[in-house]
>>> print(open('model.cif').read())   # mmCIF, C-alpha atoms
data_input
loop_
_atom_site.label_atom_id
_atom_site.label_comp_id
_atom_site.auth_asym_id
_atom_site.auth_seq_id
_atom_site.Cartn_x
_atom_site.Cartn_y
_atom_site.Cartn_z
CA MET P 1 -127.55 16.46 -31.66
CA ASN P 2 -130.81 18.26 -32.03
CA LEU P 3 -129.95 21.59 -30.49
CA ASP P 4 -132.71 24.00 -29.75
CA LEU P 5 -130.96 27.32 -30.29
CA LYS P 6 -133.87 29.41 -29.03
CA GLU P 7 -133.96 27.50 -25.77
CA LEU P 8 -130.20 27.77 -25.47
CA VAL P 9 -130.37 31.54 -25.95
CA GLN P 10 -133.05 31.78 -23.27
CA HIS P 11 -130.78 29.97 -20.82
CA LEU P 12 -127.77 32.11 -21.72
CA LYS P 13 -129.75 35.31 -21.34
CA ARG P 14 -130.67 34.18 -17.84
CA ASN P 15 -126.91 33.82 -17.27
CA ASP P 16 -127.26 30.05 -17.11
CA ASN P 17 -124.16 28.77 -18.86
CA THR P 18 -124.53 25.19 -17.67
CA CYS P 19 -126.58 24.54 -20.80
CA LEU P 20 -123.28 24.73 -22.71
CA LYS P 21 -121.94 21.75 -20.76
CA THR P 22 -123.68 19.33 -23.11
CA ILE P 23 -121.89 20.95 -26.04
CA PHE P 24 -118.57 20.54 -24.26
CA LEU P 25 -119.29 16.89 -23.48
CA GLU P 26 -120.43 16.07 -26.98
CA HIS P 27 -117.98 18.04 -29.06
CA GLY P 28 -115.09 19.17 -26.83
CA ASN P 29 -112.94 16.13 -27.20
CA TYR P 30 -113.66 15.79 -30.93
CA CYS P 31 -112.77 19.41 -31.71
CA THR P 32 -109.59 19.57 -29.63
CA LYS P 33 -108.35 16.20 -30.87
CA ASN P 34 -108.92 17.09 -34.51
CA LEU P 35 -107.47 20.55 -34.12
CA ILE P 36 -104.26 19.02 -32.76
CA LYS P 37 -104.29 16.49 -35.59
CA LYS P 38 -104.86 19.14 -38.26
CA THR P 39 -102.61 21.91 -36.96
CA ASN P 40 -100.13 20.10 -34.74
CA CYS P 41 -100.79 22.63 -32.00
CA SER P 42 -100.31 21.82 -28.32
CA VAL P 43 -103.05 20.33 -26.16
CA GLU P 44 -103.15 23.49 -24.04
CA ASP P 45 -103.56 25.69 -27.13
CA ALA P 46 -106.30 23.43 -28.48
CA ASP P 47 -108.15 23.59 -25.15
CA ASP P 48 -107.86 27.39 -24.97
CA ILE P 49 -109.01 27.73 -28.57
CA PHE P 50 -112.01 25.47 -28.05
CA ILE P 51 -113.11 27.38 -24.95
CA ASP P 52 -112.75 30.65 -26.89
CA ALA P 53 -114.78 29.13 -29.72
CA ILE P 54 -117.57 28.36 -27.25
CA ILE P 55 -117.39 31.91 -25.87
CA ASN P 56 -117.59 33.21 -29.43
CA PHE P 57 -120.53 30.87 -30.12
CA ARG P 58 -122.27 32.12 -26.98
CA GLU P 59 -121.68 35.74 -27.97
CA ARG P 60 -123.03 35.17 -31.48
CA LEU P 61 -126.08 33.38 -30.15
CA LEU P 62 -126.81 36.21 -27.76
CA CYS P 63 -126.42 38.78 -30.54
CA ASP P 64 -128.85 36.79 -32.73
CA LYS P 65 -126.14 36.19 -35.29
CA ILE P 66 -126.92 32.47 -35.41
CA GLU P 67 -130.49 31.65 -36.22
CA TYR P 68 -130.11 28.18 -37.64
CA LEU P 69 -127.41 25.58 -37.29
CA THR P 70 -127.47 22.16 -38.94
CA ASN P 71 -124.17 20.86 -37.68
CA ILE P 72 -122.90 22.42 -34.49
CA ARG P 73 -119.82 20.18 -34.44
CA ALA P 74 -118.71 21.33 -37.89
CA TYR P 75 -119.48 24.94 -36.91
CA LEU P 76 -117.42 24.74 -33.73
CA PHE P 77 -114.54 22.98 -35.42
CA SER P 78 -114.36 25.54 -38.22
CA THR P 79 -114.44 28.34 -35.61
CA CYS P 80 -111.57 26.63 -33.77
CA TYR P 81 -109.60 26.25 -36.98
CA ASN P 82 -110.11 29.89 -37.96
CA MET P 83 -109.07 31.00 -34.49
CA TRP P 84 -105.94 28.89 -34.76
CA LEU P 85 -105.19 30.41 -38.17
CA VAL P 86 -105.39 33.92 -36.69
CA LYS P 87 -103.09 32.87 -33.88
CA TYR P 88 -100.69 31.17 -36.29
CA ARG P 89 -100.51 34.21 -38.58
CA LYS P 90 -99.79 36.40 -35.59
CA SER P 91 -96.97 34.17 -34.47
CA LYS P 92 -95.65 34.15 -38.04
CA GLN P 93 -95.45 37.92 -37.92
CA HIS P 94 -93.18 37.54 -34.90
CA GLU P 95 -95.69 39.12 -32.63
CA SER P 96 -95.60 38.41 -28.97
CA HIS P 97 -97.47 35.27 -27.96
CA ALA P 98 -98.79 37.12 -24.99
CA GLU P 99 -102.20 38.40 -25.79
CA ASP P 100 -101.94 42.01 -26.73
CA ILE P 101 -104.46 44.14 -24.94
CA ARG P 102 -104.78 46.29 -28.01
CA SER P 103 -106.46 43.50 -29.88
CA PHE P 104 -109.37 43.80 -27.49
CA TYR P 105 -109.97 47.38 -28.32
CA LYS P 106 -109.80 47.06 -32.05
CA ASP P 107 -109.28 50.52 -33.47
CA SER P 108 -109.77 52.43 -30.27
CA ALA P 109 -107.36 53.00 -27.44
CA ASN P 110 -103.64 53.01 -27.36
CA THR P 111 -103.29 51.00 -24.22
CA SER P 112 -99.83 49.63 -24.66
CA ASP P 113 -98.85 50.70 -21.19
CA LEU P 114 -101.85 49.13 -19.61
CA ASP P 115 -102.02 45.72 -18.14
CA LYS P 116 -104.99 43.59 -19.09
CA GLU P 117 -105.67 42.48 -15.53
CA GLU P 118 -105.39 46.06 -14.32
CA LEU P 119 -108.07 47.13 -16.78
CA TYR P 120 -110.38 44.31 -15.77
CA THR P 121 -109.99 45.22 -12.12
CA LEU P 122 -110.59 48.86 -12.91
CA ALA P 123 -113.76 48.15 -14.88
CA ASN P 124 -115.04 45.75 -12.24
CA ASN P 125 -114.30 48.22 -9.47
CA ALA P 126 -116.18 50.89 -11.38
CA ILE P 127 -119.26 48.72 -11.87
CA SER P 128 -119.22 47.53 -8.26
CA THR P 129 -119.66 51.08 -7.04
CA LEU P 130 -123.03 51.25 -8.80
CA GLY P 131 -126.27 50.21 -7.14
CA ASP P 132 -127.60 46.68 -7.66
CA LYS P 133 -130.17 47.77 -10.20
CA CYS P 134 -127.57 49.60 -12.28
CA GLN P 135 -125.10 46.72 -12.09
CA THR P 136 -127.79 44.30 -13.23
CA ILE P 137 -128.98 46.44 -16.10
CA ILE P 138 -125.42 47.03 -17.35
CA ARG P 139 -124.58 43.34 -17.13
CA LEU P 140 -127.83 42.28 -18.79
CA PHE P 141 -127.29 44.68 -21.66
CA TYR P 142 -123.55 44.39 -22.31
CA LEU P 143 -122.77 40.89 -21.13
CA ASN P 144 -125.98 38.93 -21.61
CA LYS P 145 -127.00 40.98 -24.67
CA LEU P 146 -130.62 41.38 -23.63
CA THR P 147 -132.71 43.85 -25.60
CA MET P 148 -134.37 46.78 -23.84
CA THR P 149 -137.72 45.02 -24.06
CA GLU P 150 -136.27 41.90 -22.46
CA ILE P 151 -134.60 43.98 -19.75
CA ALA P 152 -137.87 45.76 -19.03
CA GLU P 153 -139.57 42.39 -18.71
CA GLU P 154 -136.81 40.90 -16.62
CA MET P 155 -136.54 43.84 -14.25
CA GLY P 156 -140.17 44.76 -14.12
CA PHE P 157 -139.95 48.15 -15.85
CA ALA P 158 -143.02 49.62 -17.47
CA SER P 159 -141.54 49.65 -20.98
CA ALA P 160 -138.43 49.32 -23.09
CA GLY P 161 -138.21 53.11 -23.10
CA VAL P 162 -138.00 53.21 -19.30
CA ALA P 163 -135.31 50.53 -19.39
CA LYS P 164 -133.39 52.54 -21.97
CA THR P 165 -133.52 55.69 -19.85
CA ILE P 166 -132.38 53.85 -16.72
CA LYS P 167 -129.63 52.08 -18.64
CA ALA P 168 -128.39 55.41 -20.05
CA ARG P 169 -128.28 56.84 -16.53
CA CYS P 170 -126.40 53.80 -15.22
CA TYR P 171 -124.02 53.91 -18.17
CA LYS P 172 -123.22 57.51 -17.43
CA LYS P 173 -122.53 56.70 -13.76
CA LEU P 174 -120.33 53.79 -14.80
CA MET P 175 -118.26 55.99 -17.06
CA GLU P 176 -117.87 58.67 -14.42
CA GLU P 177 -116.74 56.06 -11.93
CA ALA P 178 -114.38 54.44 -14.43
CA LYS P 179 -112.77 57.79 -15.19
CA LYS P 180 -112.30 58.34 -11.45
CA GLN P 181 -110.65 54.95 -11.18
CA LEU P 182 -108.43 55.72 -14.15
CA ALA P 183 -107.35 59.00 -12.57
CA GLN P 184 -106.75 57.38 -9.18
CA ASN P 185 -104.62 54.69 -10.77
CA LYS P 186 -102.90 57.28 -12.95
CA VAL P 187 -103.83 55.46 -16.09
CA TYR P 188 -103.90 57.76 -19.07
CA LEU P 189 -104.82 57.07 -22.61
CA SER P 190 -102.78 58.84 -25.20
CA MET W 1 -111.59 68.53 -18.83
CA ASN W 2 -113.26 68.51 -22.20
CA ASP W 3 -116.01 70.46 -23.95
CA LEU W 4 -118.19 67.60 -25.17
CA SER W 5 -121.92 68.13 -25.23
CA GLU W 6 -124.65 65.76 -23.95
CA SER W 7 -125.41 64.80 -27.54
CA ASP W 8 -121.75 63.81 -28.02
CA TYR W 9 -121.96 61.46 -25.04
CA ARG W 10 -125.21 60.01 -26.36
CA LEU W 11 -123.57 59.52 -29.75
CA ILE W 12 -120.65 57.66 -28.19
CA GLU W 13 -123.01 55.50 -26.14
CA ALA W 14 -125.03 54.70 -29.25
CA LYS W 15 -121.85 53.74 -31.08
CA ILE W 16 -120.78 51.40 -28.26
CA ASP W 17 -124.28 49.92 -28.03
CA GLY W 18 -124.37 49.42 -31.79
CA SER W 19 -127.61 51.32 -32.10
CA MET W 20 -126.66 54.21 -34.40
CA THR W 21 -128.64 55.31 -37.41
CA ASP W 22 -126.86 55.92 -40.74
CA GLN W 23 -127.01 59.62 -40.11
CA GLU W 24 -125.46 59.19 -36.68
CA GLN W 25 -122.75 57.02 -38.18
CA ASP W 26 -121.68 59.83 -40.49
CA LEU W 27 -121.82 62.34 -37.67
CA PHE W 28 -119.77 60.05 -35.45
CA ALA W 29 -117.08 59.61 -38.11
CA GLN W 30 -116.92 63.35 -38.61
CA LYS W 31 -116.64 64.04 -34.86
CA LEU W 32 -113.95 61.41 -34.46
CA LYS W 33 -111.99 63.10 -37.22
CA ASP W 34 -112.48 66.64 -35.93
CA SER W 35 -112.24 66.36 -32.15
CA LYS W 36 -109.41 64.84 -30.13
CA ASP W 37 -111.54 65.08 -27.00
CA PHE W 38 -114.33 63.17 -28.69
CA GLU W 39 -111.91 60.51 -29.85
CA HIS W 40 -110.38 60.24 -26.36
CA GLU W 41 -113.78 59.98 -24.73
CA PHE W 42 -114.84 57.27 -27.14
CA GLN W 43 -111.62 55.30 -26.53
CA THR W 44 -112.10 55.51 -22.77
CA GLN W 45 -115.73 54.43 -22.80
CA ASN W 46 -115.06 51.68 -25.31
CA MET W 47 -112.18 50.42 -23.19
CA VAL W 48 -114.35 50.27 -20.07
CA ILE W 49 -117.09 48.27 -21.76
CA GLU W 50 -114.61 45.99 -23.55
CA SER W 51 -112.82 45.39 -20.25
CA LEU W 52 -116.11 44.38 -18.68
CA VAL W 53 -116.83 41.99 -21.56
CA GLN W 54 -113.33 40.50 -21.53
CA SER W 55 -113.34 40.22 -17.77
CA ASN W 56 -116.62 38.33 -18.04
CA ASN W 57 -115.05 36.10 -20.70
CA GLU W 58 -112.21 35.30 -18.31
CA VAL W 59 -114.81 34.19 -15.77
CA LEU W 60 -116.47 32.07 -18.46
CA ARG W 61 -113.13 30.51 -19.41
CA LYS W 62 -112.63 29.43 -15.80
CA GLU W 63 -116.21 28.17 -15.65
CA PHE W 64 -115.88 26.20 -18.90
CA ARG W 65 -112.51 24.56 -18.30
CA PRO W 66 -113.92 21.83 -16.02
CA TYR W 67 -116.53 21.03 -18.69
CA LEU W 68 -113.75 20.41 -21.19
CA GLU W 69 -111.84 18.26 -18.71
CA GLU W 70 -115.03 16.34 -18.05
CA SER W 71 -115.52 15.79 -21.76
CA LYS W 72 -112.01 14.36 -22.01
CA GLN W 73 -112.55 12.14 -18.99
CA GLN W 74 -115.84 11.00 -20.44
CA ARG W 75 -114.10 10.20 -23.70
CA LYS W 76 -111.43 8.23 -21.88
CA ILE W 77 -114.10 6.25 -20.04
CA ASP W 78 -115.94 5.66 -23.33
CA ASP W 79 -112.73 4.54 -25.03
CA ALA W 80 -111.90 2.21 -22.16
CA ARG W 81 -115.43 0.84 -22.20
CA ARG W 82 -115.25 0.36 -25.96
CA THR W 83 -111.89 -1.42 -25.66
CA LEU W 84 -113.29 -3.58 -22.88
CA MET W 85 -116.35 -4.44 -24.98
CA LEU W 86 -114.12 -5.29 -27.92
CA ALA W 87 -111.89 -7.47 -25.76
CA ALA W 88 -114.94 -9.15 -24.24
CA SER W 89 -116.42 -9.76 -27.70
CA LEU W 90 -113.15 -11.20 -28.97
CA SER W 91 -112.81 -13.42 -25.89
CA PHE W 92 -116.38 -14.60 -26.37
CA LEU W 93 -115.69 -15.43 -30.01
CA VAL W 94 -112.50 -17.30 -29.11
CA LEU W 95 -114.39 -19.16 -26.37
CA CYS W 96 -117.16 -20.04 -28.81
CA GLY W 97 -114.51 -21.32 -31.21
CA ILE W 98 -112.91 -23.46 -28.52
CA VAL W 99 -116.26 -24.83 -27.36
CA TYR W 100 -117.26 -25.58 -30.93
CA TYR W 101 -113.92 -27.26 -31.59
CA LEU W 102 -114.14 -29.37 -28.44
CA PHE W 103 -117.79 -30.31 -28.45
CA SER W 104 -119.03 -30.19 -32.01
CA PRO W 105 -119.44 -33.53 -33.77
CA GLU W 106 -116.52 -34.28 -35.98
CA VAL W 107 -117.31 -33.48 -39.55
CA VAL W 108 -116.96 -36.70 -41.45
CA ASN W 109 -115.05 -36.35 -44.66
CA HIS W 110 -115.68 -39.48 -46.69
CA GLU W 111 -112.85 -38.76 -49.08
CA THR W 112 -110.46 -38.62 -46.12
CA ILE W 113 -111.74 -41.96 -44.85
CA TYR W 114 -111.28 -43.41 -48.30
CA GLN W 115 -107.71 -42.09 -48.44
CA ALA W 116 -106.98 -43.48 -44.99
CA TYR W 117 -108.26 -46.97 -45.66
CA PHE W 118 -107.62 -47.51 -49.33
CA GLU W 119 -104.61 -49.66 -50.04
CA ILE W 120 -104.09 -51.04 -53.46
CA TYR W 121 -104.69 -54.71 -53.66
CA PRO W 122 -101.25 -56.28 -54.05
CA ALA W 123 -100.21 -57.92 -57.29
CA PRO W 124 -99.64 -61.65 -56.99
CA PRO W 125 -96.17 -62.50 -55.73
CA ILE W 126 -93.63 -63.75 -58.26
CA THR W 127 -93.56 -67.38 -57.23
CA ARG W 128 -94.50 -70.63 -58.75
CA GLY W 129 -98.21 -70.92 -59.12
CA ASN W 130 -100.34 -67.83 -58.52
CA GLU W 131 -103.44 -66.54 -56.98
CA VAL W 132 -106.61 -67.47 -58.81
CA GLY W 133 -104.76 -67.99 -62.03
CA ALA W 134 -103.40 -64.53 -62.83
CA ASN W 135 -100.67 -64.26 -65.43
CA LEU W 136 -97.62 -62.77 -63.72
CA SER W 137 -96.25 -60.97 -66.76
CA ASP W 138 -99.50 -58.99 -67.02
CA PHE W 139 -98.74 -57.30 -63.71
CA ASP W 140 -95.54 -55.49 -64.70
CA HIS W 141 -97.29 -52.12 -65.18
CA TYR W 142 -99.48 -52.73 -62.16
CA ARG W 143 -96.47 -53.27 -59.92
CA LYS W 144 -94.76 -50.20 -61.31
CA GLY W 145 -97.83 -48.11 -60.60
CA GLU W 146 -98.45 -47.51 -64.30
CA TYR W 147 -102.18 -47.97 -63.94
CA LEU W 148 -103.33 -46.60 -67.30
CA GLN W 149 -101.06 -49.03 -69.11
CA ALA W 150 -102.12 -51.76 -66.69
CA ILE W 151 -105.77 -51.17 -67.63
CA GLU W 152 -104.89 -51.83 -71.27
CA THR W 153 -102.89 -54.93 -70.35
CA PHE W 154 -105.77 -56.32 -68.28
CA LYS W 155 -108.21 -55.67 -71.15
CA SER W 156 -106.18 -57.57 -73.68
CA GLY W 157 -104.62 -60.19 -71.39
CA PRO W 158 -106.07 -63.41 -70.14
CA GLN W 159 -108.96 -62.95 -67.71
CA SER W 160 -109.16 -64.52 -64.27
CA GLU W 161 -111.76 -64.15 -61.53
CA MET W 162 -109.52 -61.60 -59.81
CA THR W 163 -108.94 -59.53 -62.97
CA PRO W 164 -111.96 -57.24 -62.41
CA VAL W 165 -110.62 -56.40 -58.92
CA TYR W 166 -107.22 -55.44 -60.33
CA GLN W 167 -108.91 -53.45 -63.06
CA ALA W 168 -111.00 -51.71 -60.40
CA MET W 169 -107.79 -50.89 -58.50
CA CYS W 170 -106.39 -49.26 -61.62
CA TYR W 171 -109.57 -47.23 -62.16
CA LEU W 172 -109.67 -46.14 -58.52
CA LYS W 173 -106.03 -45.04 -58.75
CA THR W 174 -106.80 -43.06 -61.90
CA ASP W 175 -109.94 -41.50 -60.39
CA GLN W 176 -112.38 -43.32 -62.64
CA VAL W 177 -114.58 -44.42 -59.76
CA ASN W 178 -117.68 -45.33 -61.78
CA LYS W 179 -115.70 -47.72 -63.93
CA ALA W 180 -114.12 -49.15 -60.81
CA ILE W 181 -117.60 -49.74 -59.36
CA GLU W 182 -118.64 -51.56 -62.54
CA HIS W 183 -115.70 -53.96 -62.31
CA LEU W 184 -116.16 -54.49 -58.60
CA ASN W 185 -119.83 -55.35 -59.12
CA GLU W 186 -118.67 -57.80 -61.77
CA ALA W 187 -116.27 -59.35 -59.24
CA LEU W 188 -119.10 -59.66 -56.70
CA GLY W 189 -120.56 -62.39 -58.88
CA SER W 190 -117.49 -64.52 -58.33
CA SER W 191 -117.92 -67.78 -56.53
CA HIS W 192 -114.42 -67.41 -55.15
CA LEU W 193 -114.76 -66.20 -51.54
CA ILE W 194 -111.61 -64.04 -51.46
CA VAL W 195 -112.50 -62.35 -54.71
CA ASN W 196 -116.03 -61.78 -53.52
CA GLN W 197 -115.08 -60.39 -50.13
CA THR W 198 -112.27 -58.25 -51.54
CA ALA W 199 -114.66 -56.84 -54.12
CA GLU W 200 -117.20 -55.99 -51.43
CA TRP W 201 -114.58 -54.14 -49.37
CA TYR W 202 -113.28 -52.08 -52.28
CA LEU W 203 -116.79 -51.45 -53.49
CA ALA W 204 -117.65 -50.00 -50.09
CA LEU W 205 -114.58 -47.76 -50.33
CA ALA W 206 -115.49 -46.73 -53.89
CA TYR W 207 -118.98 -45.73 -52.73
CA LEU W 208 -117.44 -43.70 -49.92
CA LYS W 209 -115.22 -41.94 -52.43
CA GLU W 210 -118.32 -41.19 -54.48
CA ASN W 211 -120.06 -39.96 -51.30
CA LYS W 212 -122.74 -42.63 -51.67
CA VAL W 213 -122.79 -43.19 -47.94
CA ASN W 214 -125.89 -45.34 -47.67
CA LYS W 215 -124.60 -47.86 -50.20
CA ALA W 216 -121.20 -47.89 -48.49
CA GLN W 217 -122.80 -48.36 -45.07
CA GLY W 218 -124.87 -51.28 -46.33
CA LEU W 219 -121.78 -53.08 -47.63
CA LEU W 220 -119.72 -52.28 -44.55
CA LYS W 221 -122.47 -53.65 -42.26
CA LYS W 222 -122.54 -56.81 -44.34
CA ILE W 223 -118.75 -57.13 -44.05
CA THR W 224 -118.85 -56.75 -40.25
CA THR W 225 -121.85 -59.02 -39.76
CA GLU W 226 -120.30 -61.77 -41.83
CA LYS W 227 -116.91 -61.13 -40.25
CA GLN W 228 -115.35 -60.99 -43.66
CA LEU W 229 -111.68 -60.34 -44.45
CA TYR W 230 -111.87 -56.63 -43.86
CA TYR W 231 -114.41 -56.58 -41.00
CA LYS W 232 -112.12 -54.72 -38.54
CA GLN W 233 -111.53 -51.87 -40.96
CA ALA W 234 -115.21 -51.90 -41.88
CA LEU W 235 -116.18 -51.60 -38.22
CA GLU W 236 -113.83 -48.64 -37.76
CA ILE W 237 -115.29 -46.85 -40.73
CA LEU W 238 -118.84 -47.53 -39.58
CA ASN W 239 -118.04 -45.98 -36.20
CA LYS W 240 -116.70 -42.92 -37.92
CA ILE W 241 -119.52 -42.34 -40.35
CA SER W 242 -122.48 -43.25 -38.15
#
>>> encode(input="model.cif", output="structure tokens")
Amino acid sequence: MNLDLKELVQHLKRNDNTCLKTIFLEHGNYCTKNLIKKTNCSVEDADDIFIDAIINFRERLLCDKIEYLTNIRAYLFSTCYNMWLVKYRKSKQHESHAEDIRSFYKDSANTSDLDKEELYTLANNAISTLGDKCQTIIRLFYLNKLTMTEIAEEMGFASAGVAKTIKARCYKKLMEEAKKQLAQNKVYLS
Amino acid sequence: MNDLSESDYRLIEAKIDGSMTDQEQDLFAQKLKDSKDFEHEFQTQNMVIESLVQSNNEVLRKEFRPYLEESKQQRKIDDARRTLMLAASLSFLVLCGIVYYLFSPEVVNHETIYQAYFEIYPAPPITRGNEVGANLSDFDHYRKGEYLQAIETFKSGPQSEMTPVYQAMCYLKTDQVNKAIEHLNEALGSSHLIVNQTAEWYLALAYLKENKVNKAQGLLKKITTEKQLYYKQALEILNKIS
């Protein structure tokens, strides 16, 4: 498949994920089937891993970490296999199969008492209290990985500097709101 | 709640955004080491952003799952289509085979025809008097099917008009067709009708064995036209080879 990565990135930055459907249709079955064959994992695990591999691929594309790809199928399959290895090693260390929220936060918070869903709700509640412009700018920057120049272009700001200032203001509001939500829900980080 | 400055907040934001300079990196590491409040603030902010990202990923997972299901369905359809095509191709091939078997002209194997129609000319019966003057004792090997020895016997024994035919029989039985043809041609010169007609019949068979179809056909037509001894067999063979 001749995949135009630049075009794909443009779609993803516009929050159009349907462009990834072709990748699913062309490589989904191959990757899951071969992962099961190679690792003897369950169908459900293979499906989850493949979807995560696509999310990882999307993230890396948006962060400009993939500039050139000769064989997307081989790339996706190796990502799937590496993800399975991580999962397998974890299970070997007798860790809980349930996804540990701490793994999301790398070396940061001790959130052992926090529920993943609760945190998602809290973060989403916090962002929903912001105005539309702030919500958009936060989402474009942190989720769609747009640069300040791209945000300025997208949102009609005069320059990247203006976008940066507005984003900083929105970020500050988001954090204030999130802290309020944390206090209201009596969630404390140690 | 804490005594962090504006620059501390900006530093944390820069860290989360991944836009720190080397100098800021060092400063950040130092602050993280020195200030619990700073560390706590960083953890909180990082958690909020990570939660947003992971929450978005959950949405993506739900969005992508139908794509994966569709890819599997598509694959199943493709597999079924491929199997169907394969089955159709195989059926077509089998059908072609049947049609070919039923309607193709039968491949004529001249050797098979020869084998089907060739019968060794019988040795004269052991009775008083004999056919065209053959010496009965000369036929011992011939009767026993010892054709190589019979050839030698016929060479050295008394010759009759039928001797070349018997010799030809021995050569045909020992797969020396050219020699058989020589002797049969010799027998064709006989004035004796039975010898002549027998020679013509076996000569036609010898030509068939040699795959000289035109020569065989010529003789067989002659046999049928003249209604010779072997005309029925000749007619059958002509129907098969024409």
>>> residues_near_point(input="model.cif", point="(-122.0, -43.4, -48.5)", cutoff="9 Å", atoms="all atoms listed in the file", output="PDB file with C-alpha atoms, keeping the file's coordinate frame")
ATOM      1  CA  HIS W 110    -115.680 -39.480 -46.690  1.00  0.00           C
ATOM      2  CA  ALA W 204    -117.650 -50.000 -50.090  1.00  0.00           C
ATOM      3  CA  LEU W 205    -114.580 -47.760 -50.330  1.00  0.00           C
ATOM      4  CA  TYR W 207    -118.980 -45.730 -52.730  1.00  0.00           C
ATOM      5  CA  LEU W 208    -117.440 -43.700 -49.920  1.00  0.00           C
ATOM      6  CA  LYS W 209    -115.220 -41.940 -52.430  1.00  0.00           C
ATOM      7  CA  GLU W 210    -118.320 -41.190 -54.480  1.00  0.00           C
ATOM      8  CA  ASN W 211    -120.060 -39.960 -51.300  1.00  0.00           C
ATOM      9  CA  LYS W 212    -122.740 -42.630 -51.670  1.00  0.00           C
ATOM     10  CA  VAL W 213    -122.790 -43.190 -47.940  1.00  0.00           C
ATOM     11  CA  ASN W 214    -125.890 -45.340 -47.670  1.00  0.00           C
ATOM     12  CA  LYS W 215    -124.600 -47.860 -50.200  1.00  0.00           C
ATOM     13  CA  ALA W 216    -121.200 -47.890 -48.490  1.00  0.00           C
ATOM     14  CA  GLN W 217    -122.800 -48.360 -45.070  1.00  0.00           C
ATOM     15  CA  GLY W 218    -124.870 -51.280 -46.330  1.00  0.00           C
ATOM     16  CA  ILE W 241    -119.520 -42.340 -40.350  1.00  0.00           C
TER      17      ILE W 241
END
>>> resolve_selection(input="model.cif", expression="the PyMOL selection byres ((chain P and resi 26-36) around 8)", output="number ranges by chain")
P: 22-25, 37-43, 46-47, 50, 73, 76-77, 80-81; W: 68, 71-72, 75
>>> closest_residue(input="model.cif", among="P:Arg14, P:Leu5, P:Ile72, P:Cys19", to="P:Met155", atoms="only C-alpha atoms")
P:Arg14
>>> atom_distance(input="model.cif", atom1="atom CA of P:Tyr75", atom2="atom CA of P:Leu8")
15.9 Å
>>> resolve_selection(input="model.cif", expression="the PyMOL selection byres ((chain W and resi 195) around 12)", output="VMD selection string")
chain W and resid 121 131 to 132 160 to 166 183 to 194 196 to 203 228 to 229
>>> atom_distance(input="model.cif", atom1="atom CA of P:Asn144", atom2="atom CA of W:Ala29")
27.9 Å
>>> atom_distance(input="model.cif", atom1="atom CA of W:Leu11", atom2="atom CA of W:Leu27")
8.6 Å
>>> closest_residue(input="model.cif", among="W:Leu220, W:Ala88, W:Ala80, W:Leu95", to="W:Asn239", atoms="all atoms listed in the file")
W:Leu220
>>> resolve_selection(input="model.cif", expression="the PyMOL selection byres ((chain P and resi 146) around 12)", output="NGL selection string")
(:P and (9-15 or 59 or 61-64 or 136-145 or 147-155 or 160 or 163-164 or 167)) or (:W and (17))
